Amino acid sequence: MLIRHGSFVLFSLFAFACSSSDDKVDIGDRNVDSLGSKLEDFSGSWDGYAEAYTFGNPADSDRIRVSIDANGEGTVRFGDATLAGSPEPFVPFPPETSVSPSIDGSLPSPGFDYPIRTATLESTRLRFTLESGDVVGDWCALQPSAPDDRPFHDPYTCFGSAPFVGNEDQTVGSCIYEDPTTHEQTPFECLADANCLASCDCTASGCTAKELGTVSFDAALESTTRLVGTLTFPTSSSGSARLTVRFSRAE
């Protein structure tokens, strides 16, 4: 009986192995990438907020919107303020405010689409930076660069020395730009000159935005529709802020 029982067991095992050799057992796809392992996992539009913080001076909103494509290119917008619009030569930017976004003591500023600088993926963490000066880069490039002989000024600024033209107490009037080649004069609001000095670096060949403050973004996917991370940026008190930010994928 023992021999027969043992033979039966061996036969049964052999028969099971043979019958199973053609059957595929579903153990899952081991080659599926983990969530967030590719930049394209993050691509799309994200709408979220910063915990216990509002952007702007005065405070505007805690809202943050991120738009990024599969190549890591895109923009970030803070708050709910109306976008500043397109810059123009000789016109202060943004035209609705009295100060440049780079010197208002609140980084980042609402009302602008900050271009994302090079985005990188480390493991499953998306990282990129924003530069405060980038929002005035197009504006700086539109302004004429000319020699500036005013004390304590750079050799070149957007409008050169930009003398004031107006009444005696300088309460009414404007600044004036004189083309160094044609000597044609163009009046403009003096605030544009202040914006240039604060936001632009100029040479004989033109003006570009200054590097005025870096915003760092570091986040990971909690799911295909949830993104959470940190936002770090300099503050007006010469310190830095580190915020928790949460996003939902926008429709």
# chains A, B, ... in the order shown; residues from 1 in each chain; ligands from 1
$ closest_atom_pairs --of "stretch 97-157 of chain A" --to "stretch 33-46 of chain A" --cutoff "12 Å" --atoms "only C-alpha atoms" --output "CSV"
residue,atom,partner,partner_atom,distance
A:Thr118,CA,A:Leu39,CA,11.9
A:Ala119,CA,A:Leu39,CA,8.6
A:Thr120,CA,A:Leu39,CA,8.0
A:Leu121,CA,A:Leu39,CA,6.7
A:Glu122,CA,A:Ser37,CA,8.3
A:Ser123,CA,A:Ser37,CA,6.3
A:Thr124,CA,A:Gly36,CA,4.7
A:Arg125,CA,A:Gly36,CA,7.1
A:Leu126,CA,A:Leu39,CA,7.6
A:Arg127,CA,A:Leu39,CA,10.3
A:Phe128,CA,A:Leu39,CA,11.7
$ write_last_selection --atoms "N, CA and C atoms" --output "CSV table (one decimal), in the first residue's frame"
chain,number,residue,atom,x,y,z
A,118,THR,N,15.0,74.4,-16.6
A,118,THR,CA,15.3,73.0,-16.9
A,118,THR,C,14.7,72.1,-15.8
A,119,ALA,N,13.7,71.3,-16.2
A,119,ALA,CA,13.1,70.3,-15.3
A,119,ALA,C,13.9,69.0,-15.3
A,120,THR,N,14.1,68.4,-14.1
A,120,THR,CA,14.8,67.2,-14.0
A,120,THR,C,13.9,66.2,-13.2
A,121,LEU,N,14.2,64.9,-13.4
A,121,LEU,CA,13.5,63.9,-12.7
A,121,LEU,C,14.5,63.0,-12.0
A,122,GLU,N,14.4,63.0,-10.7
A,122,GLU,CA,15.3,62.2,-9.8
A,122,GLU,C,14.5,61.1,-9.1
A,123,SER,N,14.7,59.9,-9.5
A,123,SER,CA,13.9,58.8,-9.1
A,123,SER,C,12.4,59.1,-9.6
A,124,THR,N,11.5,59.4,-8.7
A,124,THR,CA,10.2,59.7,-9.0
A,124,THR,C,9.8,61.1,-8.6
A,125,ARG,N,10.8,62.0,-8.4
A,125,ARG,CA,10.6,63.4,-7.9
A,125,ARG,C,10.9,64.4,-9.1
A,126,LEU,N,9.9,65.2,-9.3
A,126,LEU,CA,10.1,66.3,-10.3
A,126,LEU,C,10.7,67.5,-9.7
A,127,ARG,N,11.7,68.0,-10.3
A,127,ARG,CA,12.4,69.2,-9.7
A,127,ARG,C,12.6,70.2,-10.9
A,128,PHE,N,12.3,71.5,-10.6
A,128,PHE,CA,12.7,72.6,-11.5
A,128,PHE,C,12.8,73.9,-10.7
$ select_by_dssp --residues "stretch 104-169 of chain A" --states "strand (DSSP E)" --output "number ranges by chain"
A: 113-115, 120-122, 125-131, 146-147, 156-157, 164-166
$ atom_distance --atom1 "atom CA of A:Ser205" --atom2 "atom CA of A:Pro115"
24.2 Å
$ closest_residue --among "A:Gly72, A:Phe233, A:Gly79, A:Glu189" --to "A:Tyr49" --atoms "only C-alpha atoms"
A:Gly79
$ residues_around --residues "A:Phe159" --least-positions-apart "6" --cutoff "10 Å" --atoms "only C-alpha atoms" --output "ChimeraX atom specification"
/A:90,143-148,175-179,186,188,192-193,196-197,202
$ write_last_selection --atoms "C-alpha atoms" --output "tab-separated table (two decimals), in the first residue's frame"
chain	number	residue	atom	x	y	z
A	90	PHE	CA	9.14	102.86	-23.09
A	143	GLN	CA	14.04	98.79	-24.23
A	144	PRO	CA	16.83	100.79	-25.91
A	145	SER	CA	20.24	100.53	-24.22
A	146	ALA	CA	22.35	103.69	-24.03
A	147	PRO	CA	25.29	105.08	-22.02
A	148	ASP	CA	24.44	106.32	-18.51
A	175	CYS	CA	11.85	111.37	-18.61
A	176	ILE	CA	13.29	111.55	-22.07
A	177	TYR	CA	15.39	109.18	-24.13
A	178	GLU	CA	17.73	110.60	-26.75
A	179	ASP	CA	18.88	108.23	-29.45
A	186	THR	CA	11.32	110.17	-26.98
A	188	PHE	CA	8.35	108.32	-21.43
A	192	ALA	CA	10.10	102.78	-16.68
A	193	ASP	CA	13.60	104.03	-15.87
A	196	CYS	CA	15.03	99.15	-15.76
A	197	LEU	CA	17.52	99.98	-13.00
A	202	CYS	CA	22.41	96.45	-20.02
$ select_by_dssp --residues "stretch 67-188 of chain A" --states "helix (DSSP H, G or I)" --output "NGL selection string"
:A and (132-142)
$ residues_around --residues "stretch 243-245 of chain A" --least-positions-apart "6" --cutoff "10 Å" --atoms "only C-alpha atoms" --output "PyMOL selection string"
chain A and resi 48-53+62-64+217-219+227-233
$ closest_residue --among "A:Ala59, A:Val215, A:Cys190, A:Ile68" --to "A:Thr129" --atoms "only C-alpha atoms"
A:Val215
$ closest_residue --among "A:Val136, A:Leu130, A:Val91, A:Leu83" --to "A:Leu191" --atoms "only C-alpha atoms"
A:Val91
$ closest_residue --among "A:Thr82, A:Arg246, A:Glu211, A:Ser240" --to "A:Thr225" --atoms "only C-alpha atoms"
A:Arg246
$ atom_distance --atom1 "atom CA of A:Thr214" --atom2 "atom CA of A:Arg77"
14.7 Å
$ closest_residue --among "A:Pro180, A:Gly137, A:Pro108, A:Pro92" --to "A:Ala241" --atoms "only C-alpha atoms"
A:Pro108
$ decode --residues "stretch 111-157 of chain A" --atoms "N, CA and C atoms" --output "mmCIF file, in the first residue's frame"
data_model
loop_
_atom_site.group_PDB
_atom_site.id
_atom_site.type_symbol
_atom_site.label_atom_id
_atom_site.label_comp_id
_atom_site.auth_asym_id
_atom_site.auth_seq_id
_atom_site.Cartn_x
_atom_site.Cartn_y
_atom_site.Cartn_z
ATOM 1 N N GLY A 111 0.304 87.425 -11.101
ATOM 2 C CA GLY A 111 0.100 88.193 -12.323
ATOM 3 C C GLY A 111 1.066 87.881 -13.440
ATOM 4 N N PHE A 112 1.868 86.804 -13.288
ATOM 5 C CA PHE A 112 2.864 86.470 -14.308
ATOM 6 C C PHE A 112 2.904 84.966 -14.533
ATOM 7 N N ASP A 113 3.205 84.584 -15.751
ATOM 8 C CA ASP A 113 3.481 83.187 -16.064
ATOM 9 C C ASP A 113 4.993 83.006 -16.060
ATOM 10 N N TYR A 114 5.506 82.422 -14.985
ATOM 11 C CA TYR A 114 6.940 82.195 -14.881
ATOM 12 C C TYR A 114 7.335 81.003 -15.750
ATOM 13 N N PRO A 115 8.275 81.159 -16.668
ATOM 14 C CA PRO A 115 8.712 80.003 -17.460
ATOM 15 C C PRO A 115 9.505 79.026 -16.603
ATOM 16 N N ILE A 116 9.227 77.749 -16.770
ATOM 17 C CA ILE A 116 9.952 76.715 -16.042
ATOM 18 C C ILE A 116 11.361 76.594 -16.620
ATOM 19 N N ARG A 117 12.337 76.670 -15.749
ATOM 20 C CA ARG A 117 13.703 76.390 -16.177
ATOM 21 C C ARG A 117 13.893 74.876 -16.215
ATOM 22 N N THR A 118 15.046 74.419 -16.648
ATOM 23 C CA THR A 118 15.265 73.001 -16.911
ATOM 24 C C THR A 118 14.671 72.101 -15.833
ATOM 25 N N ALA A 119 13.741 71.255 -16.240
ATOM 26 C CA ALA A 119 13.108 70.309 -15.316
ATOM 27 C C ALA A 119 13.893 69.003 -15.313
ATOM 28 N N THR A 120 14.082 68.431 -14.136
ATOM 29 C CA THR A 120 14.782 67.154 -14.007
ATOM 30 C C THR A 120 13.932 66.182 -13.211
ATOM 31 N N LEU A 121 14.199 64.910 -13.429
ATOM 32 C CA LEU A 121 13.492 63.860 -12.721
ATOM 33 C C LEU A 121 14.514 63.022 -11.975
ATOM 34 N N GLU A 122 14.426 63.004 -10.653
ATOM 35 C CA GLU A 122 15.311 62.209 -9.819
ATOM 36 C C GLU A 122 14.479 61.135 -9.139
ATOM 37 N N SER A 123 14.712 59.889 -9.540
ATOM 38 C CA SER A 123 13.861 58.789 -9.110
ATOM 39 C C SER A 123 12.436 59.114 -9.565
ATOM 40 N N THR A 124 11.526 59.367 -8.654
ATOM 41 C CA THR A 124 10.161 59.735 -9.042
ATOM 42 C C THR A 124 9.820 61.145 -8.577
ATOM 43 N N ARG A 125 10.824 61.993 -8.409
ATOM 44 C CA ARG A 125 10.618 63.369 -7.940
ATOM 45 C C ARG A 125 10.889 64.358 -9.067
ATOM 46 N N LEU A 126 9.914 65.214 -9.341
ATOM 47 C CA LEU A 126 10.054 66.263 -10.338
ATOM 48 C C LEU A 126 10.656 67.500 -9.689
ATOM 49 N N ARG A 127 11.728 68.005 -10.280
ATOM 50 C CA ARG A 127 12.370 69.204 -9.746
ATOM 51 C C ARG A 127 12.591 70.215 -10.870
ATOM 52 N N PHE A 128 12.317 71.487 -10.568
ATOM 53 C CA PHE A 128 12.653 72.557 -11.493
ATOM 54 C C PHE A 128 12.762 73.861 -10.724
ATOM 55 N N THR A 129 13.274 74.893 -11.378
ATOM 56 C CA THR A 129 13.398 76.208 -10.755
ATOM 57 C C THR A 129 12.715 77.264 -11.616
ATOM 58 N N LEU A 130 12.381 78.371 -10.977
ATOM 59 C CA LEU A 130 11.876 79.562 -11.646
ATOM 60 C C LEU A 130 12.799 80.702 -11.265
ATOM 61 N N GLU A 131 12.956 81.662 -12.141
ATOM 62 C CA GLU A 131 13.787 82.830 -11.850
ATOM 63 C C GLU A 131 12.927 84.081 -11.886
ATOM 64 N N SER A 132 12.957 84.857 -10.807
ATOM 65 C CA SER A 132 12.112 86.038 -10.709
ATOM 66 C C SER A 132 12.294 86.983 -11.883
ATOM 67 N N GLY A 133 13.533 87.172 -12.306
ATOM 68 C CA GLY A 133 13.792 88.125 -13.382
ATOM 69 C C GLY A 133 13.233 87.722 -14.727
ATOM 70 N N ASP A 134 12.904 86.437 -14.905
ATOM 71 C CA ASP A 134 12.427 85.983 -16.205
ATOM 72 C C ASP A 134 11.124 86.656 -16.636
ATOM 73 N N VAL A 135 10.311 87.108 -15.680
ATOM 74 C CA VAL A 135 9.037 87.713 -16.057
ATOM 75 C C VAL A 135 9.225 89.086 -16.696
ATOM 76 N N VAL A 136 10.391 89.689 -16.530
ATOM 77 C CA VAL A 136 10.651 90.980 -17.184
ATOM 78 C C VAL A 136 11.689 90.844 -18.288
ATOM 79 N N GLY A 137 12.061 89.594 -18.620
ATOM 80 C CA GLY A 137 13.062 89.394 -19.660
ATOM 81 C C GLY A 137 12.661 89.981 -20.999
ATOM 82 N N ASP A 138 11.420 89.729 -21.426
ATOM 83 C CA ASP A 138 10.954 90.270 -22.709
ATOM 84 C C ASP A 138 10.876 91.791 -22.665
ATOM 85 N N TRP A 139 10.484 92.336 -21.491
ATOM 86 C CA TRP A 139 10.397 93.794 -21.364
ATOM 87 C C TRP A 139 11.785 94.419 -21.484
ATOM 88 N N CYS A 140 12.758 93.865 -20.786
ATOM 89 C CA CYS A 140 14.122 94.410 -20.851
ATOM 90 C C CYS A 140 14.653 94.410 -22.288
ATOM 91 N N ALA A 141 14.380 93.319 -22.998
ATOM 92 C CA ALA A 141 14.896 93.188 -24.361
ATOM 93 C C ALA A 141 14.309 94.223 -25.314
ATOM 94 N N LEU A 142 13.120 94.759 -24.998
ATOM 95 C CA LEU A 142 12.462 95.743 -25.867
ATOM 96 C C LEU A 142 12.981 97.167 -25.668
ATOM 97 N N GLN A 143 13.637 97.412 -24.538
ATOM 98 C CA GLN A 143 14.041 98.786 -24.229
ATOM 99 C C GLN A 143 15.386 99.134 -24.875
ATOM 100 N N PRO A 144 15.554 100.394 -25.302
ATOM 101 C CA PRO A 144 16.827 100.788 -25.905
ATOM 102 C C PRO A 144 17.917 100.925 -24.845
ATOM 103 N N SER A 145 19.100 100.408 -25.129
ATOM 104 C CA SER A 145 20.237 100.532 -24.221
ATOM 105 C C SER A 145 21.117 101.695 -24.670
ATOM 106 N N ALA A 146 21.531 102.513 -23.699
ATOM 107 C CA ALA A 146 22.350 103.686 -24.035
ATOM 108 C C ALA A 146 23.279 104.003 -22.865
ATOM 109 N N PRO A 147 24.359 104.737 -23.105
ATOM 110 C CA PRO A 147 25.289 105.084 -22.023
ATOM 111 C C PRO A 147 24.596 105.880 -20.922
ATOM 112 N N ASP A 148 25.003 105.622 -19.674
ATOM 113 C CA ASP A 148 24.442 106.324 -18.511
ATOM 114 C C ASP A 148 25.596 106.903 -17.711
ATOM 115 N N ASP A 149 25.667 108.232 -17.679
ATOM 116 C CA ASP A 149 26.784 108.883 -16.988
ATOM 117 C C ASP A 149 26.405 109.368 -15.590
ATOM 118 N N ARG A 150 25.258 108.941 -15.070
ATOM 119 C CA ARG A 150 24.851 109.347 -13.734
ATOM 120 C C ARG A 150 25.716 108.654 -12.680
ATOM 121 N N PRO A 151 26.033 109.349 -11.597
ATOM 122 C CA PRO A 151 26.863 108.744 -10.546
ATOM 123 C C PRO A 151 26.218 107.479 -9.970
ATOM 124 N N PHE A 152 27.049 106.482 -9.678
ATOM 125 C CA PHE A 152 26.630 105.226 -9.049
ATOM 126 C C PHE A 152 25.701 104.389 -9.934
ATOM 127 N N HIS A 153 25.679 104.673 -11.218
ATOM 128 C CA HIS A 153 24.885 103.881 -12.147
ATOM 129 C C HIS A 153 25.811 103.021 -13.001
ATOM 130 N N ASP A 154 25.257 101.955 -13.578
ATOM 131 C CA ASP A 154 26.024 101.133 -14.501
ATOM 132 C C ASP A 154 26.344 101.941 -15.759
ATOM 133 N N PRO A 155 27.388 101.538 -16.502
ATOM 134 C CA PRO A 155 27.760 102.292 -17.712
ATOM 135 C C PRO A 155 26.645 102.380 -18.746
ATOM 136 N N TYR A 156 25.759 101.364 -18.770
ATOM 137 C CA TYR A 156 24.630 101.382 -19.700
ATOM 138 C C TYR A 156 23.348 101.065 -18.934
ATOM 139 N N THR A 157 22.268 101.712 -19.322
ATOM 140 C CA THR A 157 20.940 101.390 -18.811
ATOM 141 C C THR A 157 19.959 101.404 -19.984
#
